[in-house]
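Data first, discussion second: the structure below is written as structure tokens.
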Amino acid sequence: MATQLKRTDLVFKEDMDCNALMHKVMKMGKDEFINQMMDSGLKGRGGAGFPTGLKWKIVKDSPEAVKYVVCNADEGEPGTFKDKEILDKACEKVIWGMALAAYIVGAKEGYIYLRGEYKYLSTKLKIAIDKMEQQIKALGINFTLDLVYGSGAYVCGEETSLLQSMEGRRGEPTNKPPYPGDIGYLGKPTIVNNVETFVNAMIIAEIGAQEYKKLGTKASQGSKLFSVSGDCCKEGVFELEMGMTVQQFVDEFGDGDTKAVQVGGASGFCVPRKEFAKTIIGFEGVPTGGSMKVFNSSRSMYNILENYLIFFEEESCGQCTPCRVGTQQLLKGVQAVKRKEKPKTYLDDLLRLAYTMKYASKCGLGRSVGNAFRSIIENFREEIVY
Amino acid sequence: MSNSEEFISQLADKHGRRRESLMPILQEVVDEYYFLNEERMVNIAKELDISTAEVYGTASFYSFLSTEEQGKHVIRVCQTIICDMKRKEDIIEAITELIGIKPGETTHDGKFSLEYTNCLGWCHEGPAMLINDEPYTKLTPEKVKDILVSYMKK
């Protein structure tokens, strides 16, 4: 396939001098750097897309003496593996990005919450952390960073659930508000950012908000890492500008017979072929934390939907009824329709259930189950029924 | 490995006796003894001065903190969609053929447990599995057999 998509190479570029950038920000001043962050339009790279500059400002402005910086490295969304790639190939940028955040908001302690599945990366990370801690000390900044591990729970990628887990509890999400920026780890104001977001903060420190804004679109500024897998001509992690259409993406990565693209993982949206040309990848269209799964016409959309529902049914924390019972009933429901034990109109009842879950569930997990469910049922109903 | 009391006391010295020390202690107990039983959870509760129900409640939430008997080497095969499309079932079959256990089971000698797990983050190199902390990717039935044989010797 012809390469038409413009590639960017900021995240993995090797010549970043993190120590010098830190020095640069110290000379610039905290308020000016916060302004740069806000001006850059950077939105959190985990998927939810909260403006990062604003998050930092909230924590910076808090009068509390003790604050924390937490890196969410609990990358569990099916089809996402870009954070692993960053931690493997460019972890010093993440660590320095955390130190930068700590300096800006006045935190002295930071934690990387690394999913248990990525524990094999910990030796490498510890070495990089030790090195950073020494260098930052020489700059006169008091900041220590520790690694903590998840233990195989998808929901802990949700920030309040992650903090519960760090505090030694079941990883059950709590109601928002309060947000972690006000009441976070151990009740203190806490920045929780995705791995890629911290790297982007360093990129903004390096090139400035003006240059950064030249990438992407107004609603989705900067470049983004995409985890590409499935029926593709090439799989892996690719850094691209947001704002492309699914068609442009498929032309670059598809195998020539692409039937659907799941954008944003199991909690994201399924885009069918007829929508490729008019669907924009980014916050103005289909948002994504980076997961792009490509399916060709040999794949059964029923199997894909059932696989997602098994995933959600297992990973629902079980705390709130809409999600706990909803995920079970959606799974049982599509299986029953497939086996002809329920009429095909039952799918409409299930769609109503998914709608209820969207509004009644406590956290993002239950609220987003309906995304994949509805977009697959509406576009591939015949494959689910027959 | 008869008495976990001393080991857990050392872990508490290392990680502290606060509530937020619980996860690292649970994780290291599982690393050492492969799973959590009643005795271990009671000892952890004593060290942290919390109820055993709190310890069990926390541990049972996490799929990697088993409260039931588990083997020395836990094999976790990714079951999520891309690995599923890349024929993870062939991998399971090869494992079952070689060590005689199905997902959810442990070998009689306590050496291996086999489980399905959710997305391991290796979709681009699937099918994938973890053995303990180590990921293995681009698996084929032949490759899996070689890997397992190397663990049999450990």
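Within each chain, counting starts at residue 1; across the structure tokens, chains are named A, B, ... in the order shown, with ligands numbered 1 upward in that order.
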- Task: Find the residues near Ala73 of chain A: any atom within 7 Å, counting only C-alpha atoms, skip ones fewer than 6 places away on the same chain, and give them as a ChimeraX atom specification.
- Result: /A:83,112-115,194-195
- Message: Please list as a PyMOL selection string every residue within 9 Å of segment 29-38 of chain B, counting only C-alpha atoms and excluding residues in the same chain fewer than 4 positions away.
- Response: chain B and resi 1+4+7-8+11+24-25+42-43+52+56+59+64-74+132
Sorted per-residue table, chain A near chain B, closest atoms and distance, 7 Å, only C-alpha atoms, as a Markdown table:
| residue | atom | partner | partner_atom | distance |
| --- | --- | --- | --- | --- |
| A:Gly76 | CA | B:Cys119 | CA | 6.5 |
| A:Pro78 | CA | B:Cys119 | CA | 5.2 |
| A:Gly79 | CA | B:Cys123 | CA | 5.9 |
| A:Thr80 | CA | B:Gly121 | CA | 5.9 |
| A:Phe81 | CA | B:Gly121 | CA | 4.7 |
| A:Glu117 | CA | B:Leu120 | CA | 6.3 |
| A:Lys119 | CA | B:Asp133 | CA | 6.0 |
| A:Tyr120 | CA | B:Asp133 | CA | 5.8 |
| A:Ser151 | CA | B:Phe64 | CA | 4.9 |
| A:Gly152 | CA | B:Ser63 | CA | 5.2 |
| A:Ala153 | CA | B:Tyr62 | CA | 5.8 |
| A:Met166 | CA | B:Glu20 | CA | 6.2 |
| A:Glu167 | CA | B:Glu20 | CA | 4.1 |
| A:Gly168 | CA | B:Glu20 | CA | 4.4 |
| A:Arg169 | CA | B:Thr58 | CA | 5.4 |
| A:Arg170 | CA | B:Thr58 | CA | 4.7 |
| A:Val228 | CA | B:His124 | CA | 7.0 |
| A:Ser229 | CA | B:His124 | CA | 5.1 |
| A:Gly230 | CA | B:Ile82 | CA | 5.9 |
| A:Glu235 | CA | B:His124 | CA | 5.3 |
| A:Gly236 | CA | B:His124 | CA | 5.4 |
| A:Ile304 | CA | B:Ile81 | CA | 6.4 |
| A:Asn307 | CA | B:Ile81 | CA | 6.0 |
| A:Phe311 | CA | B:Asn118 | CA | 6.9 |
- For Lys14 of chain B, which residue among B:Pro127, B:Glu28, B:Ile95, B:Ile147 is the nearest when counting only C-alpha atoms?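 For Lys14 of chain B, the nearest of the given residues is B:Glu28.
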- Task: Measure the distance from atom CA of Thr279 of chain A to atom CA of Asn303 of chain A in Å and round it to one decimal.
- Result: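 Interatomic distance, atom CA of Thr279 of chain A to atom CA of Asn303 of chain A: 24.0 Å.
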- Query: Quick one: residues within 12 Å of Phe198 of chain A, only C-alpha atoms counted, chain neighbours fewer than 2 positions away excluded, as an NGL selection string?
  - Reply: :A and (11 or 37 or 42-46 or 52-53 or 56 or 69-73 or 83 or 86-87 or 90-102 or 112 or 191-196 or 200-205)
Residue subset to file, keeping N, CA and C atoms, as a short mmCIF file (atom, residue, chain, number, x, y, z; two decimals), in the first residue's frame:
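File produced: again_30.cif:
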data_model
loop_
_atom_site.label_atom_id
_atom_site.label_comp_id
_atom_site.auth_asym_id
_atom_site.auth_seq_id
_atom_site.Cartn_x
_atom_site.Cartn_y
_atom_site.Cartn_z
N VAL A 11 7.69 10.87 19.81
CA VAL A 11 7.71 10.07 21.04
C VAL A 11 8.97 9.23 21.14
N MET A 37 1.27 24.40 28.40
CA MET A 37 0.51 23.13 28.41
C MET A 37 -0.94 23.39 28.01
N LEU A 42 -3.12 19.87 24.57
CA LEU A 42 -2.90 18.45 24.87
C LEU A 42 -4.04 17.88 25.72
N LYS A 43 -4.60 16.78 25.22
CA LYS A 43 -5.62 16.05 25.98
C LYS A 43 -5.04 14.70 26.38
N GLY A 44 -5.50 14.20 27.52
CA GLY A 44 -4.95 12.95 28.06
C GLY A 44 -4.95 11.84 27.02
N ARG A 45 -3.85 11.10 26.97
CA ARG A 45 -3.67 10.09 25.93
C ARG A 45 -4.19 8.71 26.32
N GLY A 46 -4.83 8.62 27.49
CA GLY A 46 -5.36 7.32 27.90
C GLY A 46 -6.66 6.99 27.19
N THR A 52 -4.83 18.16 29.73
CA THR A 52 -3.77 17.89 30.69
C THR A 52 -3.32 19.14 31.43
N GLY A 53 -3.21 20.24 30.71
CA GLY A 53 -2.78 21.50 31.33
C GLY A 53 -3.70 21.91 32.46
N TRP A 56 -3.16 19.74 35.55
CA TRP A 56 -1.96 20.15 36.28
C TRP A 56 -2.22 21.44 37.05
N VAL A 69 2.15 12.55 42.14
CA VAL A 69 2.07 12.38 40.69
C VAL A 69 2.04 10.88 40.40
N VAL A 70 1.03 10.44 39.68
CA VAL A 70 0.89 9.01 39.39
C VAL A 70 0.84 8.80 37.88
N CYS A 71 1.64 7.83 37.42
CA CYS A 71 1.58 7.46 36.01
C CYS A 71 0.73 6.21 35.87
N ASN A 72 -0.32 6.33 35.08
CA ASN A 72 -1.21 5.21 34.84
C ASN A 72 -0.62 4.34 33.73
N ALA A 73 0.08 3.29 34.13
CA ALA A 73 0.65 2.34 33.17
C ALA A 73 -0.10 1.01 33.27
N ASP A 83 1.71 1.92 25.27
CA ASP A 83 2.38 2.32 26.51
C ASP A 83 3.52 1.36 26.83
N ILE A 86 6.39 2.40 24.73
CA ILE A 86 7.04 3.59 25.28
C ILE A 86 7.92 3.21 26.47
N LEU A 87 7.35 2.41 27.39
CA LEU A 87 8.11 2.04 28.59
C LEU A 87 9.32 1.20 28.23
N ALA A 90 11.39 4.16 25.48
CA ALA A 90 11.62 5.59 25.79
C ALA A 90 11.18 5.91 27.22
N CYS A 91 11.50 5.01 28.15
CA CYS A 91 10.96 5.20 29.50
C CYS A 91 11.51 6.44 30.20
N GLU A 92 12.72 6.89 29.80
CA GLU A 92 13.26 8.07 30.49
C GLU A 92 12.39 9.31 30.25
N LYS A 93 11.74 9.36 29.09
CA LYS A 93 10.86 10.51 28.81
C LYS A 93 9.63 10.50 29.72
N VAL A 94 9.14 9.31 30.03
CA VAL A 94 7.99 9.17 30.92
C VAL A 94 8.39 9.63 32.33
N ILE A 95 9.53 9.12 32.76
CA ILE A 95 10.00 9.38 34.12
C ILE A 95 10.30 10.87 34.30
N TRP A 96 10.93 11.46 33.29
CA TRP A 96 11.22 12.90 33.36
C TRP A 96 9.93 13.72 33.23
N GLY A 97 8.99 13.22 32.46
CA GLY A 97 7.70 13.90 32.36
C GLY A 97 7.00 13.94 33.71
N MET A 98 7.16 12.86 34.47
CA MET A 98 6.59 12.82 35.82
C MET A 98 7.32 13.79 36.75
N ALA A 99 8.65 13.84 36.60
CA ALA A 99 9.43 14.76 37.42
C ALA A 99 9.05 16.21 37.10
N LEU A 100 8.81 16.45 35.83
CA LEU A 100 8.39 17.78 35.38
C LEU A 100 7.05 18.14 36.03
N ALA A 101 6.10 17.21 35.97
CA ALA A 101 4.79 17.45 36.57
C ALA A 101 4.94 17.71 38.07
N ALA A 102 5.80 16.93 38.72
CA ALA A 102 6.00 17.07 40.16
C ALA A 102 6.58 18.45 40.48
N ILE A 112 4.63 4.95 39.58
CA ILE A 112 4.19 4.37 38.32
C ILE A 112 3.38 3.13 38.67
N ILE A 191 -2.04 14.11 40.50
CA ILE A 191 -2.10 14.07 39.04
C ILE A 191 -2.06 12.61 38.63
N VAL A 192 -3.05 12.14 37.91
CA VAL A 192 -2.97 10.81 37.31
C VAL A 192 -2.99 10.99 35.80
N ASN A 193 -1.89 10.65 35.15
CA ASN A 193 -1.80 10.77 33.70
C ASN A 193 -1.32 9.48 33.07
N ASN A 194 -1.73 9.30 31.84
CA ASN A 194 -1.30 8.15 31.05
C ASN A 194 0.20 8.28 30.70
N VAL A 195 0.83 7.15 30.43
CA VAL A 195 2.25 7.07 30.05
C VAL A 195 2.57 8.05 28.91
N GLU A 196 1.76 7.98 27.87
CA GLU A 196 2.02 8.80 26.67
C GLU A 196 1.84 10.29 26.96
N ASN A 200 4.27 13.47 26.14
CA ASN A 200 3.83 14.65 25.40
C ASN A 200 4.17 15.94 26.14
N ALA A 201 4.12 15.90 27.47
CA ALA A 201 4.50 17.08 28.25
C ALA A 201 5.97 17.43 27.98
N MET A 202 6.80 16.41 27.89
CA MET A 202 8.22 16.64 27.58
C MET A 202 8.39 17.18 26.15
N ILE A 203 7.56 16.68 25.24
CA ILE A 203 7.63 17.16 23.85
C ILE A 203 7.26 18.64 23.80
N ILE A 204 6.23 19.01 24.58
CA ILE A 204 5.82 20.42 24.62
C ILE A 204 6.95 21.27 25.22
N ALA A 205 7.61 20.72 26.24
CA ALA A 205 8.75 21.45 26.83
C ALA A 205 9.84 21.65 25.78
#
- Per DSSP on the backbone, what are the helix (DSSP H, G or I) residues of segment 37-206 of chain A, as a PyMOL selection string? chain A and resi 37-40+52-61+82-89+91-105+116-138+154-157+159-166+185-187+195-206
For Phe283 of chain A, work out the shell of residues within 12 Å, counting only C-alpha atoms and skipping chain neighbours fewer than 5 positions away, then give it as a PDB file with all heavy atoms, in the first residue's frame.
ATOM      1  N   GLY A  41      -3.161  22.496  23.873  1.00  0.00           N
ATOM      2  CA  GLY A  41      -4.371  21.719  23.590  1.00  0.00           C
ATOM      3  C   GLY A  41      -4.220  20.243  23.904  1.00  0.00           C
ATOM      4  O   GLY A  41      -5.083  19.437  23.544  1.00  0.00           O
ATOM      5  N   LEU A  42      -3.124  19.870  24.569  1.00  0.00           N
ATOM      6  CA  LEU A  42      -2.904  18.448  24.874  1.00  0.00           C
ATOM      7  C   LEU A  42      -4.042  17.880  25.724  1.00  0.00           C
ATOM      8  O   LEU A  42      -4.384  18.414  26.769  1.00  0.00           O
ATOM      9  CB  LEU A  42      -1.568  18.284  25.621  1.00  0.00           C
ATOM     10  CG  LEU A  42      -1.271  16.892  26.200  1.00  0.00           C
ATOM     11  CD1 LEU A  42      -1.165  15.837  25.095  1.00  0.00           C
ATOM     12  CD2 LEU A  42       0.007  16.906  27.028  1.00  0.00           C
ATOM     13  N   LYS A  43      -4.597  16.780  25.219  1.00  0.00           N
ATOM     14  CA  LYS A  43      -5.618  16.050  25.978  1.00  0.00           C
ATOM     15  C   LYS A  43      -5.043  14.704  26.377  1.00  0.00           C
ATOM     16  O   LYS A  43      -4.227  14.136  25.659  1.00  0.00           O
ATOM     17  CB  LYS A  43      -6.869  15.854  25.122  1.00  0.00           C
ATOM     18  CG  LYS A  43      -7.615  17.154  24.869  1.00  0.00           C
ATOM     19  CD  LYS A  43      -8.839  16.912  24.013  1.00  0.00           C
ATOM     20  CE  LYS A  43      -9.569  18.234  23.748  1.00  0.00           C
ATOM     21  NZ  LYS A  43     -10.657  18.067  22.779  1.00  0.00           N
ATOM     22  N   GLY A  44      -5.496  14.203  27.517  1.00  0.00           N
ATOM     23  CA  GLY A  44      -4.952  12.952  28.055  1.00  0.00           C
ATOM     24  C   GLY A  44      -4.955  11.842  27.023  1.00  0.00           C
ATOM     25  O   GLY A  44      -5.930  11.662  26.290  1.00  0.00           O
ATOM     26  N   ARG A  45      -3.847  11.104  26.965  1.00  0.00           N
ATOM     27  CA  ARG A  45      -3.671  10.088  25.929  1.00  0.00           C
ATOM     28  C   ARG A  45      -4.191   8.711  26.324  1.00  0.00           C
ATOM     29  O   ARG A  45      -3.993   7.744  25.604  1.00  0.00           O
ATOM     30  CB  ARG A  45      -2.194   9.979  25.555  1.00  0.00           C
ATOM     31  CG  ARG A  45      -1.612  11.232  24.907  1.00  0.00           C
ATOM     32  CD  ARG A  45      -2.434  11.658  23.729  1.00  0.00           C
ATOM     33  NE  ARG A  45      -1.704  12.571  22.852  1.00  0.00           N
ATOM     34  CZ  ARG A  45      -2.272  13.562  22.172  1.00  0.00           C
ATOM     35  NH1 ARG A  45      -3.560  13.783  22.284  1.00  0.00           N
ATOM     36  NH2 ARG A  45      -1.560  14.319  21.361  1.00  0.00           N
ATOM     37  N   GLY A  47      -7.337   8.003  26.688  1.00  0.00           N
ATOM     38  CA  GLY A  47      -8.579   7.762  25.969  1.00  0.00           C
ATOM     39  C   GLY A  47      -9.694   8.723  26.349  1.00  0.00           C
ATOM     40  O   GLY A  47     -10.493   9.127  25.518  1.00  0.00           O
ATOM     41  N   ALA A  48      -9.748   9.113  27.625  1.00  0.00           N
ATOM     42  CA  ALA A  48     -10.849   9.964  28.068  1.00  0.00           C
ATOM     43  C   ALA A  48     -10.688  11.402  27.573  1.00  0.00           C
ATOM     44  O   ALA A  48     -11.671  12.099  27.338  1.00  0.00           O
ATOM     45  CB  ALA A  48     -10.964   9.941  29.588  1.00  0.00           C
ATOM     46  N   GLY A  49      -9.438  11.848  27.418  1.00  0.00           N
ATOM     47  CA  GLY A  49      -9.202  13.124  26.767  1.00  0.00           C
ATOM     48  C   GLY A  49      -9.426  14.369  27.597  1.00  0.00           C
ATOM     49  O   GLY A  49      -9.820  15.403  27.075  1.00  0.00           O
ATOM     50  N   PHE A  50      -9.149  14.296  28.889  1.00  0.00           N
ATOM     51  CA  PHE A  50      -9.254  15.501  29.722  1.00  0.00           C
ATOM     52  C   PHE A  50      -8.045  16.404  29.438  1.00  0.00           C
ATOM     53  O   PHE A  50      -6.927  15.908  29.307  1.00  0.00           O
ATOM     54  CB  PHE A  50      -9.288  15.114  31.211  1.00  0.00           C
ATOM     55  CG  PHE A  50      -9.616  16.267  32.114  1.00  0.00           C
ATOM     56  CD1 PHE A  50     -10.930  16.645  32.323  1.00  0.00           C
ATOM     57  CD2 PHE A  50      -8.600  16.987  32.738  1.00  0.00           C
ATOM     58  CE1 PHE A  50     -11.235  17.718  33.142  1.00  0.00           C
ATOM     59  CE2 PHE A  50      -8.903  18.068  33.567  1.00  0.00           C
ATOM     60  CZ  PHE A  50     -10.215  18.435  33.767  1.00  0.00           C
ATOM     61  N   PRO A  51      -8.258  17.735  29.334  1.00  0.00           N
ATOM     62  CA  PRO A  51      -7.115  18.627  29.049  1.00  0.00           C
ATOM     63  C   PRO A  51      -6.038  18.531  30.140  1.00  0.00           C
ATOM     64  O   PRO A  51      -6.312  18.790  31.316  1.00  0.00           O
ATOM     65  CB  PRO A  51      -7.754  20.015  29.034  1.00  0.00           C
ATOM     66  CG  PRO A  51      -9.201  19.777  28.767  1.00  0.00           C
ATOM     67  CD  PRO A  51      -9.527  18.459  29.400  1.00  0.00           C
ATOM     68  N   GLY A 216      -1.938  17.695  14.058  1.00  0.00           N
ATOM     69  CA  GLY A 216      -3.305  17.296  14.375  1.00  0.00           C
ATOM     70  C   GLY A 216      -4.332  18.334  13.979  1.00  0.00           C
ATOM     71  O   GLY A 216      -4.086  19.180  13.113  1.00  0.00           O
ATOM     72  N   THR A 217      -5.509  18.260  14.633  1.00  0.00           N
ATOM     73  CA  THR A 217      -6.592  19.189  14.318  1.00  0.00           C
ATOM     74  C   THR A 217      -6.919  19.997  15.567  1.00  0.00           C
ATOM     75  O   THR A 217      -6.390  19.733  16.641  1.00  0.00           O
ATOM     76  CB  THR A 217      -7.861  18.427  13.899  1.00  0.00           C
ATOM     77  OG1 THR A 217      -8.271  17.620  14.999  1.00  0.00           O
ATOM     78  CG2 THR A 217      -7.609  17.552  12.687  1.00  0.00           C
ATOM     79  N   LYS A 218      -7.843  20.922  15.423  1.00  0.00           N
ATOM     80  CA  LYS A 218      -8.164  21.810  16.527  1.00  0.00           C
ATOM     81  C   LYS A 218      -8.678  21.032  17.754  1.00  0.00           C
ATOM     82  O   LYS A 218      -8.307  21.336  18.895  1.00  0.00           O
ATOM     83  CB  LYS A 218      -9.209  22.830  16.075  1.00  0.00           C
ATOM     84  CG  LYS A 218      -9.198  24.034  16.968  1.00  0.00           C
ATOM     85  CD  LYS A 218      -9.897  25.230  16.342  1.00  0.00           C
ATOM     86  CE  LYS A 218      -9.743  26.397  17.298  1.00  0.00           C
ATOM     87  NZ  LYS A 218     -10.740  27.386  17.256  1.00  0.00           N
ATOM     88  N   ALA A 219      -9.504  20.043  17.500  1.00  0.00           N
ATOM     89  CA  ALA A 219     -10.056  19.282  18.628  1.00  0.00           C
ATOM     90  C   ALA A 219      -9.076  18.222  19.125  1.00  0.00           C
ATOM     91  O   ALA A 219      -9.191  17.724  20.237  1.00  0.00           O
ATOM     92  CB  ALA A 219     -11.371  18.630  18.225  1.00  0.00           C
ATOM     93  N   SER A 220      -8.133  17.847  18.288  1.00  0.00           N
ATOM     94  CA  SER A 220      -7.220  16.743  18.631  1.00  0.00           C
ATOM     95  C   SER A 220      -5.809  17.141  18.271  1.00  0.00           C
ATOM     96  O   SER A 220      -5.295  16.755  17.217  1.00  0.00           O
ATOM     97  CB  SER A 220      -7.592  15.480  17.854  1.00  0.00           C
ATOM     98  OG  SER A 220      -8.970  15.255  17.890  1.00  0.00           O
ATOM     99  N   GLN A 221      -5.204  17.948  19.142  1.00  0.00           N
ATOM    100  CA  GLN A 221      -3.895  18.460  18.777  1.00  0.00           C
ATOM    101  C   GLN A 221      -2.739  17.519  19.141  1.00  0.00           C
ATOM    102  O   GLN A 221      -2.840  16.724  20.057  1.00  0.00           O
ATOM    103  CB  GLN A 221      -3.681  19.836  19.391  1.00  0.00           C
ATOM    104  CG  GLN A 221      -3.801  20.902  18.335  1.00  0.00           C
ATOM    105  CD  GLN A 221      -4.516  22.142  18.780  1.00  0.00           C
ATOM    106  OE1 GLN A 221      -4.885  22.277  19.934  1.00  0.00           O
ATOM    107  NE2 GLN A 221      -4.697  23.053  17.863  1.00  0.00           N
ATOM    108  N   GLY A 222      -1.679  17.633  18.363  1.00  0.00           N
ATOM    109  CA  GLY A 222      -0.491  16.827  18.606  1.00  0.00           C
ATOM    110  C   GLY A 222      -0.520  15.531  17.823  1.00  0.00           C
ATOM    111  O   GLY A 222      -1.444  15.264  17.052  1.00  0.00           O
ATOM    112  N   LYS A 224      -0.129  11.203  17.923  1.00  0.00           N
ATOM    113  CA  LYS A 224      -0.682  10.171  18.798  1.00  0.00           C
ATOM    114  C   LYS A 224      -0.103   8.833  18.399  1.00  0.00           C
ATOM    115  O   LYS A 224       0.084   8.575  17.206  1.00  0.00           O
ATOM    116  CB  LYS A 224      -2.212  10.171  18.592  1.00  0.00           C
ATOM    117  CG  LYS A 224      -2.965   9.090  19.324  1.00  0.00           C
ATOM    118  CD  LYS A 224      -3.362   9.518  20.729  1.00  0.00           C
ATOM    119  CE  LYS A 224      -3.871   8.352  21.559  1.00  0.00           C
ATOM    120  NZ  LYS A 224      -2.800   7.488  22.072  1.00  0.00           N
ATOM    121  N   MET A 242      -3.529  13.003  14.638  1.00  0.00           N
ATOM    122  CA  MET A 242      -4.957  12.716  14.710  1.00  0.00           C
ATOM    123  C   MET A 242      -5.674  13.543  13.655  1.00  0.00           C
ATOM    124  O   MET A 242      -5.125  14.475  13.084  1.00  0.00           O
ATOM    125  CB  MET A 242      -5.484  13.025  16.108  1.00  0.00           C
ATOM    126  CG  MET A 242      -5.048  11.963  17.101  1.00  0.00           C
ATOM    127  SD  MET A 242      -5.990  11.999  18.620  1.00  0.00           S
ATOM    128  CE  MET A 242      -5.194  13.349  19.447  1.00  0.00           C
ATOM    129  N   GLY A 243      -6.923  13.187  13.394  1.00  0.00           N
ATOM    130  CA  GLY A 243      -7.702  13.943  12.431  1.00  0.00           C
ATOM    131  C   GLY A 243      -7.801  13.286  11.063  1.00  0.00           C
ATOM    132  O   GLY A 243      -8.425  13.809  10.152  1.00  0.00           O
ATOM    133  N   MET A 244      -7.183  12.100  10.896  1.00  0.00           N
ATOM    134  CA  MET A 244      -7.330  11.380   9.621  1.00  0.00           C
ATOM    135  C   MET A 244      -8.680  10.650   9.617  1.00  0.00           C
ATOM    136  O   MET A 244      -9.309  10.459  10.657  1.00  0.00           O
ATOM    137  CB  MET A 244      -6.200  10.373   9.457  1.00  0.00           C
ATOM    138  CG  MET A 244      -6.218   9.292  10.507  1.00  0.00           C
ATOM    139  SD  MET A 244      -4.747   8.264  10.455  1.00  0.00           S
ATOM    140  CE  MET A 244      -4.629   7.768  12.163  1.00  0.00           C
ATOM    141  N   VAL A 263     -12.285   1.082  16.751  1.00  0.00           N
ATOM    142  CA  VAL A 263     -11.460   2.210  17.177  1.00  0.00           C
ATOM    143  C   VAL A 263     -11.642   2.421  18.681  1.00  0.00           C
ATOM    144  O   VAL A 263     -12.749   2.624  19.152  1.00  0.00           O
ATOM    145  CB  VAL A 263     -11.863   3.499  16.420  1.00  0.00           C
ATOM    146  CG1 VAL A 263     -10.955   4.658  16.827  1.00  0.00           C
ATOM    147  CG2 VAL A 263     -11.815   3.286  14.918  1.00  0.00           C
ATOM    148  N   GLY A 264     -10.546   2.334  19.446  1.00  0.00           N
ATOM    149  CA  GLY A 264     -10.628   2.610  20.880  1.00  0.00           C
ATOM    150  C   GLY A 264     -10.820   1.374  21.735  1.00  0.00           C
ATOM    151  O   GLY A 264     -11.175   1.489  22.897  1.00  0.00           O
ATOM    152  N   THR A 288      -9.951   7.756  20.536  1.00  0.00           N
ATOM    153  CA  THR A 288      -9.247   6.509  20.810  1.00  0.00           C
ATOM    154  C   THR A 288      -8.042   6.739  21.713  1.00  0.00           C
ATOM    155  O   THR A 288      -7.368   7.761  21.606  1.00  0.00           O
ATOM    156  CB  THR A 288      -8.775   5.817  19.507  1.00  0.00           C
ATOM    157  OG1 THR A 288      -8.011   4.669  19.853  1.00  0.00           O
ATOM    158  CG2 THR A 288      -7.925   6.743  18.650  1.00  0.00           C
ATOM    159  N   GLY A 289      -7.830   5.792  22.612  1.00  0.00           N
ATOM    160  CA  GLY A 289      -6.604   5.789  23.400  1.00  0.00           C
ATOM    161  C   GLY A 289      -5.467   5.203  22.576  1.00  0.00           C
ATOM    162  O   GLY A 289      -4.348   5.107  23.037  1.00  0.00           O
ATOM    163  N   GLY A 290      -5.778   4.787  21.364  1.00  0.00           N
ATOM    164  CA  GLY A 290      -4.740   4.281  20.476  1.00  0.00           C
ATOM    165  C   GLY A 290      -5.014   2.911  19.879  1.00  0.00           C
ATOM    166  O   GLY A 290      -4.331   2.474  18.976  1.00  0.00           O
TER     167      GLY A 290
END
- Message: For a test of reading the model, state the distance in Å between atom CA of Lys234 of chain A and atom CA of Gly254 of chain A, rounded to one decimal.
- Response: 7.9 Å
- Residues within 8 Å of Gly104 of chain B, only C-alpha atoms, excluding chain neighbours under 6 positions, as a list in words: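 Result of the neighbour search: Ser113, Leu114, Glu115 and Tyr116 of chain B.
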Suppose we keep all heavy atoms; can you now write the selection as a short mmCIF file (atom, residue, chain, number, x, y, z; two decimals), in the first residue's frame?
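Dumped to out_18.cif:
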data_model
loop_
_atom_site.label_atom_id
_atom_site.label_comp_id
_atom_site.auth_asym_id
_atom_site.auth_seq_id
_atom_site.Cartn_x
_atom_site.Cartn_y
_atom_site.Cartn_z
N SER B 113 0.07 -24.31 36.32
CA SER B 113 -1.36 -24.01 36.23
C SER B 113 -1.60 -23.38 34.87
O SER B 113 -0.71 -22.71 34.34
CB SER B 113 -1.80 -23.03 37.31
OG SER B 113 -1.76 -23.65 38.57
N LEU B 114 -2.78 -23.61 34.33
CA LEU B 114 -3.12 -23.03 33.02
C LEU B 114 -4.38 -22.19 33.17
O LEU B 114 -5.35 -22.63 33.79
CB LEU B 114 -3.33 -24.15 32.00
CG LEU B 114 -3.78 -23.75 30.59
CD1 LEU B 114 -2.77 -22.83 29.92
CD2 LEU B 114 -4.02 -25.00 29.72
N GLU B 115 -4.35 -20.99 32.60
CA GLU B 115 -5.50 -20.08 32.68
C GLU B 115 -5.65 -19.32 31.38
O GLU B 115 -4.67 -19.09 30.68
CB GLU B 115 -5.28 -19.01 33.76
CG GLU B 115 -5.29 -19.50 35.16
CD GLU B 115 -5.06 -18.36 36.15
OE1 GLU B 115 -4.80 -17.22 35.72
OE2 GLU B 115 -5.15 -18.64 37.34
N TYR B 116 -6.88 -18.88 31.13
CA TYR B 116 -7.07 -17.84 30.12
C TYR B 116 -6.88 -16.50 30.80
O TYR B 116 -7.19 -16.34 31.98
CB TYR B 116 -8.50 -17.87 29.57
CG TYR B 116 -8.77 -18.97 28.57
CD1 TYR B 116 -9.75 -19.93 28.81
CD2 TYR B 116 -8.07 -19.01 27.36
CE1 TYR B 116 -10.01 -20.93 27.89
CE2 TYR B 116 -8.33 -20.00 26.43
CZ TYR B 116 -9.31 -20.96 26.70
OH TYR B 116 -9.56 -21.93 25.79
#
- Contacts of Thr140 of chain B at 9 Å (only C-alpha atoms; same-chain gap of 2+ positions) as JSON, numbers by chain: {"B": [90, 91, 94, 127, 137, 138, 142, 143, 144, 145]}
- Take atom CA of Ile34 of chain A and atom CA of Ile104 of chain A and report the distance between them in Å, one decimal.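 Here the two named atoms are 7.8 Å from each other.
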